[in-house]
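Chemist: A single structure is presented below for examination.
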Amino acid sequence: MANVDIWTASLELEENAIQRLSVTLSRDERERAARFAFPHLRTSFIAARGLLRTILSSYAGIPPQDLVFEYSAHGKPALEGRPDVSFNVSHSEQLVVCALTRGCGIGIDIEKVRPMPDLETIARHFFSLMEVESLKRLDPSDCTEAFFQCWTRKEALIKATGEGLSCDLTSFTVSLGPHEPARLVWHRDGFGEAAEWELHSFSPAPGYVGAVALRAQGATMRFHRMNHTAL
């Protein structure tokens, strides 16, 4: 049985906290931050990477500035030399979340729920036929949140497999109804048996939805919020 720790943190930090987090970044991360044209994007990147390093440090037993990331063929990060620590990260607006576990792949995604004038067009392009039909059957007042529930569940799954957006999002179906438990309903290929996967939805903050996917059963979810005064 897997334990999953889900950390939530705000990217809106005081300047002194940003300075301290910046010191933990690698040279290539600092160079990447410097390439952002807008200061708020630069600050968000530093905060997200620094918070990720701070969280991972306590699990790996390595100072945050000494952590080294390696990347899969599709860009999924992992800790070099520490295959026992599995993690994934996502951010939306000014919120970042990180999911950590041991012994199995994991994916996480969050989205700020917001009006989507082109919701149906996007759904027809990225959702399976079953998902599109399920969305059409919902009360209009439920459609926007259901859309983001579906989106985060699909993103979490493809991030857990390590395939990312190289995976055809129409090749599998997740539940999306407001009263349905999160689950992988159907898939064409790439996931093994649907019963091997566990999906969890959660709300990291008011107005946000999120999902976690892992190839395990009976996982225990533990939620934490980063205390910025500790940075």
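Just remember, in the structure tokens the first chain shown is A, the second B, etc., residues are 1-based per chain, and ligands are 1-based in the order shown.
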If we count only C-alpha atoms and set the cut-off at 12 Å, which residues sit around Glu133 (chain A), ignoring sequence neighbours fewer than 3 positions away in its own chain? Please answer as an MDAnalysis selection string.

Modeler: chainID A and resid 120 123:124 127:130 136:138 143 147 173 175:177

Chemist: Would you output that residue set with C-alpha atoms, as a CSV table (one decimal), in the first residue's frame?

Modeler:
```csv
chain,number,residue,atom,x,y,z
A,120,GLU,CA,-17.1,22.3,-26.2
A,123,ALA,CA,-13.5,18.9,-25.4
A,124,ARG,CA,-14.2,17.6,-28.9
A,127,PHE,CA,-11.5,14.3,-24.9
A,128,SER,CA,-12.7,10.8,-25.9
A,129,LEU,CA,-16.1,10.4,-27.4
A,130,MET,CA,-17.4,8.9,-24.2
A,136,LYS,CA,-23.2,16.9,-22.9
A,137,ARG,CA,-25.5,15.1,-20.5
A,138,LEU,CA,-24.6,17.2,-17.6
A,143,CYS,CA,-20.1,21.6,-17.1
A,147,PHE,CA,-14.5,19.9,-17.8
A,173,THR,CA,-11.7,7.8,-20.9
A,175,SER,CA,-15.0,9.7,-15.1
A,176,LEU,CA,-16.1,13.3,-15.0
A,177,GLY,CA,-19.6,13.6,-13.4
```

Chemist: Could you pull out the residues in region 139-187 of chain A that DSSP calls strand (DSSP E) from the backbone, as JSON, numbers by chain?

Modeler: {"A": [172, 173, 174, 184, 185, 186, 187]}

Chemist: Using only C-alpha atoms, which residue out of A:His125, A:Cys104, A:Gln65, A:Ser171 lies closest to Pro83 (chain A)?

Modeler: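 Comparing A:His125, A:Cys104, A:Gln65, A:Ser171 against Pro83 (chain A), the winner is A:Cys104.
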
Chemist: For Thr54 (chain A), please output as a list in words all residues within 9 Å (counting only C-alpha atoms; exclusion window: fewer than 6 positions along the same chain).

Modeler: Leu21, Thr24, Pro63, Pro64, Gln65 and Leu231 of chain A

Chemist: Using only C-alpha atoms, determine which residues lie at most 7 Å from Lys154 (chain A), disregarding the query and same-chain residues fewer than 4 positions distant; provide the list as a PDB file with all heavy atoms, in the first residue's frame.

Modeler:
```
ATOM      1  N   CYS A 150     -12.183  16.490 -15.624  1.00  0.00           N
ATOM      2  CA  CYS A 150     -11.750  15.574 -16.676  1.00  0.00           C
ATOM      3  C   CYS A 150     -10.323  15.899 -17.123  1.00  0.00           C
ATOM      4  O   CYS A 150      -9.473  15.008 -17.232  1.00  0.00           O
ATOM      5  CB  CYS A 150     -12.714  15.665 -17.857  1.00  0.00           C
ATOM      6  SG  CYS A 150     -12.390  14.474 -19.190  1.00  0.00           S
ATOM      7  N   ILE A 158      -1.417  10.794 -17.810  1.00  0.00           N
ATOM      8  CA  ILE A 158      -0.349  10.761 -18.808  1.00  0.00           C
ATOM      9  C   ILE A 158       0.982  11.195 -18.201  1.00  0.00           C
ATOM     10  O   ILE A 158       2.047  10.782 -18.663  1.00  0.00           O
ATOM     11  CB  ILE A 158      -0.680  11.593 -20.063  1.00  0.00           C
ATOM     12  CG1 ILE A 158      -0.842  13.076 -19.734  1.00  0.00           C
ATOM     13  CG2 ILE A 158      -1.931  11.053 -20.742  1.00  0.00           C
ATOM     14  CD1 ILE A 158      -1.040  13.960 -20.967  1.00  0.00           C
ATOM     15  N   VAL A 174     -11.860   8.943 -18.723  1.00  0.00           N
ATOM     16  CA  VAL A 174     -11.955   9.028 -17.267  1.00  0.00           C
ATOM     17  C   VAL A 174     -13.363   9.466 -16.884  1.00  0.00           C
ATOM     18  O   VAL A 174     -14.097  10.037 -17.694  1.00  0.00           O
ATOM     19  CB  VAL A 174     -10.921  10.025 -16.689  1.00  0.00           C
ATOM     20  CG1 VAL A 174      -9.502   9.585 -17.005  1.00  0.00           C
ATOM     21  CG2 VAL A 174     -11.168  11.443 -17.198  1.00  0.00           C
TER      22      VAL A 174
END
```
